Amino acid sequence: MDALDVETVRKDFPILERQVHGRPLVYLDSAATSQKPQAVLDAMDRYYEQSNANVHRGVHALAEEATEAYENARGKVARFIRADPRGVVFTKNATEAFNVLAYSLAANRLGDGDILLSTQMEHHANLVPWQLVQPRAGFEIRYIPVIALGPDAGTLDLDAFDEIVATGRVKLFTVTAMSNVVGTINPVADLAARVRAANSEAVVVVDGAQSVPHLPTDLLALEADFLCFSGHKMLGPTGIGVLAGKPELLDDMPPFLGGGEMIANVTLEGTTFNEVPYKFEAGTPPIAEAVGLGAAVDYLSALGMESVRAHEVALLEHVLPALNSVEGVTVHGPTDPSGRGAAVSFAVEGLHPHDIGTIMDREGVAVRAGHHCAKPLVRLLGSAATTRASFYVYNSVDEVQALIDAIEATKRFFVR
Amino acid sequence: MDALDVETVRKDFPILERQVHGRPLVYLDSAATSQKPQAVLDAMDRYYEQSNANVHRGVHALAEEATEAYENARGKVARFIRADPRGVVFTKNATEAFNVLAYSLAANRLGDGDILLSTQMEHHANLVPWQLVQPRAGFEIRYIPVIALGPDAGTLDLDAFDEIVATGRVKLFTVTAMSNVVGTINPVADLAARVRAANSEAVVVVDGAQSVPHLPTDLLALEADFLCFSGHKMLGPTGIGVLAGKPELLDDMPPFLGGGEMIANVTLEGTTFNEVPYKFEAGTPPIAEAVGLGAAVDYLSALGMESVRAHEVALLEHVLPALNSVEGVTVHGPTDPSGRGAAVSFAVEGLHPHDIGTIMDREGVAVRAGHHCAKPLVRLLGSAATTRASFYVYNSVDEVQALIDAIEATKRFFVR
Amino acid sequence: MSSPLDDLYQEIILDHYRKPRHRAGELEPHDVHVHHANPLCGDELDLRLRVDSTDPAAPRVGAVVYDGDGCSISMASASAMTEAVTGRELADADDLGEAFRLMMHGEGLKREDDLLDGVAFQGVAKFPVRVKCALLGWMALKDAIGTYRDGNQEHRVTHE
Amino acid sequence: MSSPLDDLYQEIILDHYRKPRHRAGELEPHDVHVHHANPLCGDELDLRLRVDSTDPAAPRVGAVVYDGDGCSISMASASAMTEAVTGRELADADDLGEAFRLMMHGEGLKREDDLLDGVAFQGVAKFPVRVKCALLGWMALKDAIGTYRDGNQEHRVTHE
Ligand SMILES: Cc1ncc(COP(=O)(O)O)c(C=O)c1O
Ligand SMILES: Cc1ncc(COP(=O)(O)O)c(C=O)c1O
């Protein structure tokens with residue numbers, strides 16, 4: 001495993017040369033969306049400048065090239081997460097992937113008496129879709145609580161988990177592999193195994209929106225049936241996400257969106273559907289975006305996901321103690337870098353996250369202030385909002401210092 | 001109205017410099033997807049290289065710039081079709097837009113005894129979604145037949161239309177403004193008025209996937225409640241579509257996809273939803289794609305949509321007689337350029353569209369062979385497939401000749 | 001020479017933030033209590049209003065207090081609002097709120113003198129994401145007056 | 001020097017297209033009729049099979065005819081198929097079909113001599129979108145044999 005050379009990496013990201021309010025940009029908001037390396041932009045431009053056509057239906061050269069580029073991207077993504085390409089469905093974002101599962105899987109497989117088990121640390125994308133279909137399907141939604149205080153703060157309450165699982169009624173278990181607010185890495189494979197042991201019919205869904213960009217991913221090892229994630233958080237473009245899963249399960253699911261591409265035959269009386277993954281890709285797919293995501297995956301693979309993770313752990317080893325040493329700062333979530341990702345939420349006594357975010361921005365430091373689309377968790381942390389700094393391959397130790405300096409500046413600003 | 005200078009336009013499209021099998025590319029497949037001008041690619045690159053961030057939730061400079069870029073694009077699209085920006089929802093493609101309407105509108109507003117009136121010339125995107133929700137909602141789907149033969153071939157059977165409308169039971173009417181197979185321009189405003197006269201509660205949905213790229217569009221003048229179209233067919237990127245409609249109607253509709261952005265508040269017990277258009281934009285939206293679509297709209301507006309249309313009519317005035325003069329060739333659909341767009345399907349006696357498409361490709365001419373995702377219509381034309389040449393702003397009269405030459409070459413190939 | 005940030009966090013605003021006026025979780029007696037939330041930012045505000053009906057034809061803001069969890073802009077603006085409206089006729093307070101709203105949307109500055117320290121929030125208009133924060137207290141007041149007129153005592157509002 | 005297009009449309013293929021063998025919409029008597037469609041391309045094919053059970057332990061292709069609406073590749077391939085399988089034991093015809101399928105997927109050329117003109121379709125493998133066309137007739141035959149073995153007489157299949 002090669003250590004990641006941040007200075008070299010940074011050169012690949014044009015936006016990092018930018019100034020914000022006369023200061024160099026310190027981008028610490030990758031958990032919201034990542035920046036893009038030149039290679040990703042080039043791959044999309046090349047696609048548009050040389051091969052652009054609609055896929056799957058054409059006999060002309062561009063259509064064949066476009067189809068090949070699109071399907072190659074599917075193959076790259078499949079290899080990146082060790083999945084069967086037949087089970088790699090391109091969606092518009094992670095959110096759509098969850099909706100496909102809610103409408104086509106949960107609403108059909110679950111009913112009265114069944115429990116859909118989720119957690120209190122989920123992103124809205126992994127909460128709202130289930131809530132939307134629940135009234136019609138009639139299953140019950142339960143949430144594993146998150147421990148608020150003490151050494152295990154920010155982790156799942158496993159006793160509560162075991163208790164719910166012991167009912168044997170958990171038919172669908174959905175959990176994030178990594179919290180976008182407090183960074184917690186959940187023991188997904190272990191939890192999945194326990195759910196399956198209690199009910200062999202249970203389906204396990206994993207939110208990989210934060211884990212796939214930052215950790216080596218092996219769908220099989222995760223013991224998951226489905227994994228949802230987004231391209232834009234892993235150096236890829238906006239407009240593309242992935243629903244990866246077992247082809248057999250996808251085969252059994254009714255289609256969700258209807259339209260072109262997903263059909264085998266259409267008559268005015270009815271329709272027969274195409275095979276997976278196409279059954280779930282209605283309409284013209286995000287072709288250039290798939291190409292861009294393929295290039296992002298190539299870029300990450302060239303760095304090596306082990307190296308990416310090691311780089312972030314090294315950053316965490318700087319940032320956690322540095323934050324804790326600032327008076328009035330409380331870091332949320334796991335304290336040991338080995339148990340967490342590089343999304344770091346914190347509170348500053350007496351200061352509101354919005355004010356912190358605004359003042360830090362004037363220092364060039366981009367952090368996020370708010371509920372991070374995970375209101376139930378943020379509420380549990382005792383506030384309506386947190387300030388979150390999140391790191392990625394292009395962030396350096398110097399930027400950790402810039403963060404700390406900006407927090408100090410913010411404090412001075414309000415007490416002056 | 002300035003006439004469009006094709007040679008100048010062509011310089012803006014890098015892909016047109018390409019060779020295919022040693023011949024200059026003659027791209028006649030714009031009805032499937034259009035090529036992209038440099039300005040669109042540049043706008044997206046600039047976004048990624050300078051302002052990329054997630055939208056709507058950030059207080060830092062990039063997040064504000066990204067939000068502004070995204071919302072500006074919404075404004076541009078709204079002005080382009082004369083719609084209220086609050087009623088402009090960005091989807092992933094036209095197909096998703098129809099699905100939103102099927103799941104959130106038809107499945108809720110229509111029930112037993114109601115008729116959803118469609119036509120036999122619709123694209124699968126405007127057939128399958130309604131079919132998917134129909135069993136649950138219980139409404140009846142009726143189709144206006146298309147006249148197969150005679151001077152009105154390829155147009156809607158208006159007598160049959162009037163008969164169905166006279167029942168007063170048509171609660172939703174959906175029709176394409178322009179056929180993607182035979183080019184027919186439907187008298188949408190007139191049909192809409194008749195439907196509303198018979199039932200003031202009726203909702204009118206227009207498929208603008210082919211019309212918005214090629215004709216000046218005025219949502220009000222169309223008398224439509226909703227208009228669905230795709231970015232990639234109008235010089236914009238893949239990965240973005242539009243559901244445009246009356247904000248009041250969107251307000252009344254339950255949300256479709258659940259997730260971040262579309263919520264006002266989330267608790268573990270339930271959710272309240274954001275206002276329109278955000279209620280229908282779950283998850284991270286196609287931000288760069290919206291920026292690209294905004295640039296495409298700027299490009300088209302600079303050409304002038306009247307000029308775009310005039311250019312295509314001029315091409316049709318060449319291509320229709322030229323095709324008709326080739327022995328064995330039958331052109332489908334309206335014969336008068338004023339009643340049709342520039343998607344031209346034809347049959348060549350004794351030759352199968354797939355063979356035609358393959359041989360033409362060797363001549364550098366990209367046409368589409370197949371059912372064009374409009375099987376019911378293509379079946380009516382008497383075959384399982386047609387060959388379709390479709391034209392756009394960058395196509396020249398010389399390319400019409402290239403098409404004719406390629407057809408002749410194909411005929412020679414098979415009789416040699 | 002003032003930087004935009006100075007516009008946002010004027011000394012007057014910081015002063016209201018550090019030394020809030022009429023910030024309290026109780027007001028006894030009171031006629032109306034409203035709770036307003038800005039869920040996208042996470043700001044929350046409770047406002048209690050006592051109406052002075054000495055002249056039943058022209059009821060006035062007898063007293064108004066606020067409390068909440070929010071950024072400096074939202075809390076300081078609520079503080080400045082309480083000073084500007086106390087003692088005014090309800091209709092007049094409503095009108096003043098409208099003047100504030102227009103100012104925040106960059107649509108002109110009316111009743112400058114009556115807004116008192118509220119004028120200091122003009123600079124916030126340059127920070128679109130923060131405009132909602134500055135409006136929160138005023139929206140709550142407007143809602144409290146409406147709730148009172150409707151003959152009710154409690155109202156909860158979530159701003160989208 | 002052959003161009004890829006010549007590979008696709010070899011003289012042999014064009015010959016089968018122009019002068020189809022065993023192309024007919026009827027075969028009396030027949031044991032099985034199958035209808036296969038490739039909806040994504042629009043190809044449709046009817047195949048009728050008469051089984052020769054003189055040796056009940058080793059039934060043979062007594063006669064096979066096809067008809068349909070499809071491109072030159074699909075129709076010519078079906079034509080070449082009928083010549084290659086007529087008279088063969090059903091199990092052997094199945095095996096030959098598998099050899100053809102592997103060849104089309106670029107996985108080696110087996111039973112070259114038995115495939116007769118079928119070998120000419122090798123070049124189609126370079127045109128991925130056309131491979132399905134070349135396979136249509138062979139898929140129909142395989143299905144007809146299976147349908148016969150299952151004791152049925154009719155089957156309709158839509159290839160996805
Ligand atoms: C008339 C018509 N409607 C709808 C669509 C669907 O568009 P998309 O595939 O971009 O969703 C198309 C394009 O294929 C079309 O031509
Ligand atoms: C943990 C988690 N899940 C899901 C999502 C939703 O991703 P998207 O907005 O791209 O659909 C996000 C990102 O916001 C996330 O952090």
# chains A, B, ... in the order shown; residues from 1 in each chain; ligands from 1
$ residues_near_ligand --ligand "ligand 2" --cutoff "7 Å" --atoms "only C-alpha atoms and all ligand atoms" --output "PyMOL selection string"
(chain A and resi 31-32+93-96+122-123+125-126+176+178-180+207-210+229-230+232+241+373) or (chain B and resi 260+283-284)
$ interface_residues --of "chain B" --to "chain C" --cutoff "6 Å" --atoms "only C-alpha atoms" --output "PyMOL selection string"
chain B and resi 264-265+274
$ interface_residues --of "chain A" --to "chain B" --cutoff "7 Å" --atoms "only C-alpha atoms" --output "ChimeraX atom specification"
/A:14-15,18,20,32-33,35-36,41,45,48-50,52-54,58-61,92-93,95-96,99,124-125,128-129,131-132,238-239,257-260,266-268,270,282-288,357-358,361,366-369,373,375-376
$ atom_distance --atom1 "atom 9 (O, counted along the ligand's line) of ligand 1" --atom2 "atom CA of B:Met234"
12.2 Å
$ residues_around --residues "D:Gly106" --least-positions-apart "4" --cutoff "9 Å" --atoms "only C-alpha atoms" --output "list in words"
Arg101, Leu102, Gln122, Ala125 and Lys126 of chain D
$ write_last_selection --atoms "N, CA and C atoms" --output "mmCIF file, in the first residue's frame"
data_model
loop_
_atom_site.group_PDB
_atom_site.id
_atom_site.type_symbol
_atom_site.label_atom_id
_atom_site.label_comp_id
_atom_site.auth_asym_id
_atom_site.auth_seq_id
_atom_site.Cartn_x
_atom_site.Cartn_y
_atom_site.Cartn_z
ATOM 1 N N ARG D 101 -23.555 -21.050 -30.736
ATOM 2 C CA ARG D 101 -23.654 -19.982 -29.737
ATOM 3 C C ARG D 101 -22.253 -19.592 -29.250
ATOM 4 N N LEU D 102 -21.449 -20.594 -28.952
ATOM 5 C CA LEU D 102 -20.100 -20.295 -28.473
ATOM 6 C C LEU D 102 -19.311 -19.542 -29.534
ATOM 7 N N GLN D 122 -19.473 -16.254 -38.324
ATOM 8 C CA GLN D 122 -18.403 -15.920 -37.393
ATOM 9 C C GLN D 122 -18.119 -14.420 -37.334
ATOM 10 N N ALA D 125 -19.795 -11.893 -34.942
ATOM 11 C CA ALA D 125 -19.375 -11.744 -33.548
ATOM 12 C C ALA D 125 -18.733 -10.386 -33.298
ATOM 13 N N LYS D 126 -18.178 -9.792 -34.368
ATOM 14 C CA LYS D 126 -17.549 -8.473 -34.205
ATOM 15 C C LYS D 126 -18.572 -7.346 -34.105
#
$ residues_around --residues "B:Ile144" --least-positions-apart "5" --cutoff "9 Å" --atoms "only C-alpha atoms" --output "ChimeraX atom specification"
/B:117-121,156-158,160-161,164
$ write_last_selection --atoms "N, CA, C and O atoms" --output "PDB file, in the first residue's frame"
ATOM      1  N   LEU B 117     -56.733   9.451 -20.987  1.00  0.00           N
ATOM      2  CA  LEU B 117     -56.709   9.392 -22.444  1.00  0.00           C
ATOM      3  C   LEU B 117     -55.310   9.677 -22.964  1.00  0.00           C
ATOM      4  O   LEU B 117     -54.719  10.717 -22.652  1.00  0.00           O
ATOM      5  N   SER B 118     -54.813   8.739 -23.744  1.00  0.00           N
ATOM      6  CA  SER B 118     -53.487   8.866 -24.330  1.00  0.00           C
ATOM      7  C   SER B 118     -53.642   8.673 -25.837  1.00  0.00           C
ATOM      8  O   SER B 118     -54.763   8.740 -26.351  1.00  0.00           O
ATOM      9  N   THR B 119     -52.567   8.443 -26.522  1.00  0.00           N
ATOM     10  CA  THR B 119     -52.674   8.212 -27.968  1.00  0.00           C
ATOM     11  C   THR B 119     -51.798   7.031 -28.363  1.00  0.00           C
ATOM     12  O   THR B 119     -50.905   6.616 -27.624  1.00  0.00           O
ATOM     13  N   GLN B 120     -52.055   6.603 -29.566  1.00  0.00           N
ATOM     14  CA  GLN B 120     -51.328   5.449 -30.088  1.00  0.00           C
ATOM     15  C   GLN B 120     -49.935   5.841 -30.580  1.00  0.00           C
ATOM     16  O   GLN B 120     -49.186   4.989 -31.004  1.00  0.00           O
ATOM     17  N   MET B 121     -49.618   7.134 -30.545  1.00  0.00           N
ATOM     18  CA  MET B 121     -48.293   7.520 -31.055  1.00  0.00           C
ATOM     19  C   MET B 121     -47.329   7.894 -29.940  1.00  0.00           C
ATOM     20  O   MET B 121     -46.285   8.478 -30.204  1.00  0.00           O
ATOM     21  N   LEU B 156     -53.533  11.999 -35.557  1.00  0.00           N
ATOM     22  CA  LEU B 156     -54.517  11.415 -34.645  1.00  0.00           C
ATOM     23  C   LEU B 156     -55.899  11.389 -35.287  1.00  0.00           C
ATOM     24  O   LEU B 156     -56.279  12.305 -36.026  1.00  0.00           O
ATOM     25  N   ASP B 157     -56.641  10.372 -34.953  1.00  0.00           N
ATOM     26  CA  ASP B 157     -58.015  10.238 -35.420  1.00  0.00           C
ATOM     27  C   ASP B 157     -58.896  11.113 -34.533  1.00  0.00           C
ATOM     28  O   ASP B 157     -59.287  10.727 -33.427  1.00  0.00           O
ATOM     29  N   LEU B 158     -59.208  12.315 -35.036  1.00  0.00           N
ATOM     30  CA  LEU B 158     -59.893  13.291 -34.183  1.00  0.00           C
ATOM     31  C   LEU B 158     -61.349  12.926 -33.931  1.00  0.00           C
ATOM     32  O   LEU B 158     -61.926  13.337 -32.920  1.00  0.00           O
ATOM     33  N   ALA B 160     -62.423   9.875 -33.366  1.00  0.00           N
ATOM     34  CA  ALA B 160     -62.346   8.962 -32.222  1.00  0.00           C
ATOM     35  C   ALA B 160     -62.058   9.752 -30.948  1.00  0.00           C
ATOM     36  O   ALA B 160     -62.631   9.477 -29.885  1.00  0.00           O
ATOM     37  N   PHE B 161     -61.192  10.728 -31.057  1.00  0.00           N
ATOM     38  CA  PHE B 161     -60.876  11.591 -29.913  1.00  0.00           C
ATOM     39  C   PHE B 161     -62.148  12.239 -29.376  1.00  0.00           C
ATOM     40  O   PHE B 161     -62.456  12.164 -28.181  1.00  0.00           O
ATOM     41  N   ILE B 164     -64.466   9.884 -27.464  1.00  0.00           N
ATOM     42  CA  ILE B 164     -64.046   9.537 -26.094  1.00  0.00           C
ATOM     43  C   ILE B 164     -64.216  10.744 -25.173  1.00  0.00           C
ATOM     44  O   ILE B 164     -64.704  10.623 -24.042  1.00  0.00           O
TER      45      ILE B 164
END
$ residues_around --residues "C:Leu27" --least-positions-apart "6" --cutoff "12 Å" --atoms "only C-alpha atoms" --output "mmCIF file with N, CA, C and O atoms, in the first residue's frame"
data_model
loop_
_atom_site.group_PDB
_atom_site.id
_atom_site.type_symbol
_atom_site.label_atom_id
_atom_site.label_comp_id
_atom_site.auth_asym_id
_atom_site.auth_seq_id
_atom_site.Cartn_x
_atom_site.Cartn_y
_atom_site.Cartn_z
ATOM 1 N N HIS C 33 -48.880 32.427 22.611
ATOM 2 C CA HIS C 33 -47.543 31.827 22.532
ATOM 3 C C HIS C 33 -47.412 31.149 21.171
ATOM 4 O O HIS C 33 -48.251 30.320 20.806
ATOM 5 N N ASP C 46 -39.404 30.700 20.364
ATOM 6 C CA ASP C 46 -40.678 30.829 21.070
ATOM 7 C C ASP C 46 -40.923 32.314 21.289
ATOM 8 O O ASP C 46 -40.020 33.027 21.732
ATOM 9 N N LEU C 47 -42.136 32.749 21.004
ATOM 10 C CA LEU C 47 -42.462 34.147 21.220
ATOM 11 C C LEU C 47 -43.755 34.234 22.018
ATOM 12 O O LEU C 47 -44.715 33.508 21.739
ATOM 13 N N ARG C 48 -43.746 35.072 23.053
ATOM 14 C CA ARG C 48 -44.950 35.271 23.862
ATOM 15 C C ARG C 48 -45.353 36.738 23.798
ATOM 16 O O ARG C 48 -44.512 37.627 23.924
ATOM 17 N N LEU C 49 -46.624 36.950 23.607
ATOM 18 C CA LEU C 49 -47.138 38.296 23.388
ATOM 19 C C LEU C 49 -48.256 38.591 24.396
ATOM 20 O O LEU C 49 -49.163 37.780 24.576
ATOM 21 N N ARG C 50 -48.140 39.752 25.061
ATOM 22 C CA ARG C 50 -49.256 40.228 25.896
ATOM 23 C C ARG C 50 -49.860 41.431 25.177
ATOM 24 O O ARG C 50 -49.122 42.348 24.797
ATOM 25 N N VAL C 51 -51.171 41.383 24.994
ATOM 26 C CA VAL C 51 -51.831 42.467 24.273
ATOM 27 C C VAL C 51 -52.417 43.454 25.274
ATOM 28 O O VAL C 51 -53.032 43.062 26.269
ATOM 29 N N GLY C 62 -48.520 44.953 24.335
ATOM 30 C CA GLY C 62 -48.248 45.314 25.713
ATOM 31 C C GLY C 62 -46.834 44.898 26.101
ATOM 32 O O GLY C 62 -46.067 45.671 26.663
ATOM 33 N N ALA C 63 -46.502 43.673 25.780
ATOM 34 C CA ALA C 63 -45.156 43.164 26.044
ATOM 35 C C ALA C 63 -44.902 42.002 25.109
ATOM 36 O O ALA C 63 -45.835 41.294 24.714
ATOM 37 N N VAL C 64 -43.650 41.814 24.755
ATOM 38 C CA VAL C 64 -43.302 40.680 23.906
ATOM 39 C C VAL C 64 -41.932 40.162 24.328
ATOM 40 O O VAL C 64 -41.012 40.949 24.571
ATOM 41 N N VAL C 65 -41.836 38.850 24.490
ATOM 42 C CA VAL C 65 -40.537 38.235 24.802
ATOM 43 C C VAL C 65 -40.295 37.078 23.832
ATOM 44 O O VAL C 65 -41.240 36.529 23.260
ATOM 45 N N TYR C 66 -39.038 36.739 23.669
ATOM 46 C CA TYR C 66 -38.697 35.613 22.787
ATOM 47 C C TYR C 66 -37.637 34.790 23.484
ATOM 48 O O TYR C 66 -36.937 35.258 24.398
ATOM 49 N N ASP C 67 -37.544 33.559 23.050
ATOM 50 C CA ASP C 67 -36.446 32.702 23.481
ATOM 51 C C ASP C 67 -36.220 31.695 22.362
ATOM 52 O O ASP C 67 -37.102 31.500 21.526
#
$ select_by_dssp --residues "stretch 21-212 of chain B" --states "strand (DSSP E)" --output "ChimeraX atom specification"
/B:23-24,26-27,88-91,115-119,140-144,170-176,203-207
$ select_by_dssp --residues "chain D" --states "alpha helix (DSSP H)" --output "VMD selection string"
chain D and resid 4 to 8 11 to 18 72 to 85 90 to 104 112 to 115 128 to 149
$ atom_distance --atom1 "atom CA of A:Leu101" --atom2 "atom CA of A:Phe226"
8.7 Å
$ residues_around --residues "B:Lys76" --least-positions-apart "6" --cutoff "10 Å" --atoms "only C-alpha atoms" --output "list in words"
Arg82, Ala83, Pro85, Ala290, Val291, Leu293, Gly294, Ala295, Ala296, Val297, Asp298 and Ser301 of chain B
$ residues_around --residues "A:Ala189" --least-positions-apart "3" --cutoff "8 Å" --atoms "only C-alpha atoms" --output "number ranges by chain"
A: 192-193, 221-224
$ atom_distance --atom1 "atom 11 (O, counted along the ligand's line) of ligand 1" --atom2 "atom CA of A:Val212"
28.1 Å
$ closest_residue --among "B:Lys11, B:His332, B:His214, B:Arg412" --to "ligand 1" --atoms "only C-alpha atoms and all ligand atoms"
B:His214
$ decode --residues "stretch 138-157 of chain C" --atoms "C-alpha atoms" --output "short mmCIF file (atom, residue, chain, number, x, y, z; two decimals), in the first residue's frame"
data_model
loop_
_atom_site.label_atom_id
_atom_site.label_comp_id
_atom_site.auth_asym_id
_atom_site.auth_seq_id
_atom_site.Cartn_x
_atom_site.Cartn_y
_atom_site.Cartn_z
CA TRP C 138 -40.70 39.10 12.76
CA MET C 139 -42.57 36.18 11.23
CA ALA C 140 -43.28 34.89 14.69
CA LEU C 141 -44.64 38.27 15.74
CA LYS C 142 -46.87 38.52 12.70
CA ASP C 143 -48.16 35.03 13.39
CA ALA C 144 -48.74 35.84 17.07
CA ILE C 145 -50.84 38.87 16.12
CA GLY C 146 -52.82 36.80 13.62
CA THR C 147 -53.32 34.04 16.15
CA TYR C 148 -54.54 36.55 18.69
CA ARG C 149 -56.98 38.06 16.20
CA ASP C 150 -58.29 34.60 15.41
CA GLY C 151 -59.03 34.21 19.10
CA ASN C 152 -56.42 31.53 19.70
CA GLN C 153 -53.61 31.22 22.17
CA GLU C 154 -51.12 28.80 20.68
CA HIS C 155 -49.63 28.26 17.26
CA ARG C 156 -46.74 26.24 15.91
CA VAL C 157 -45.27 27.00 12.50
#
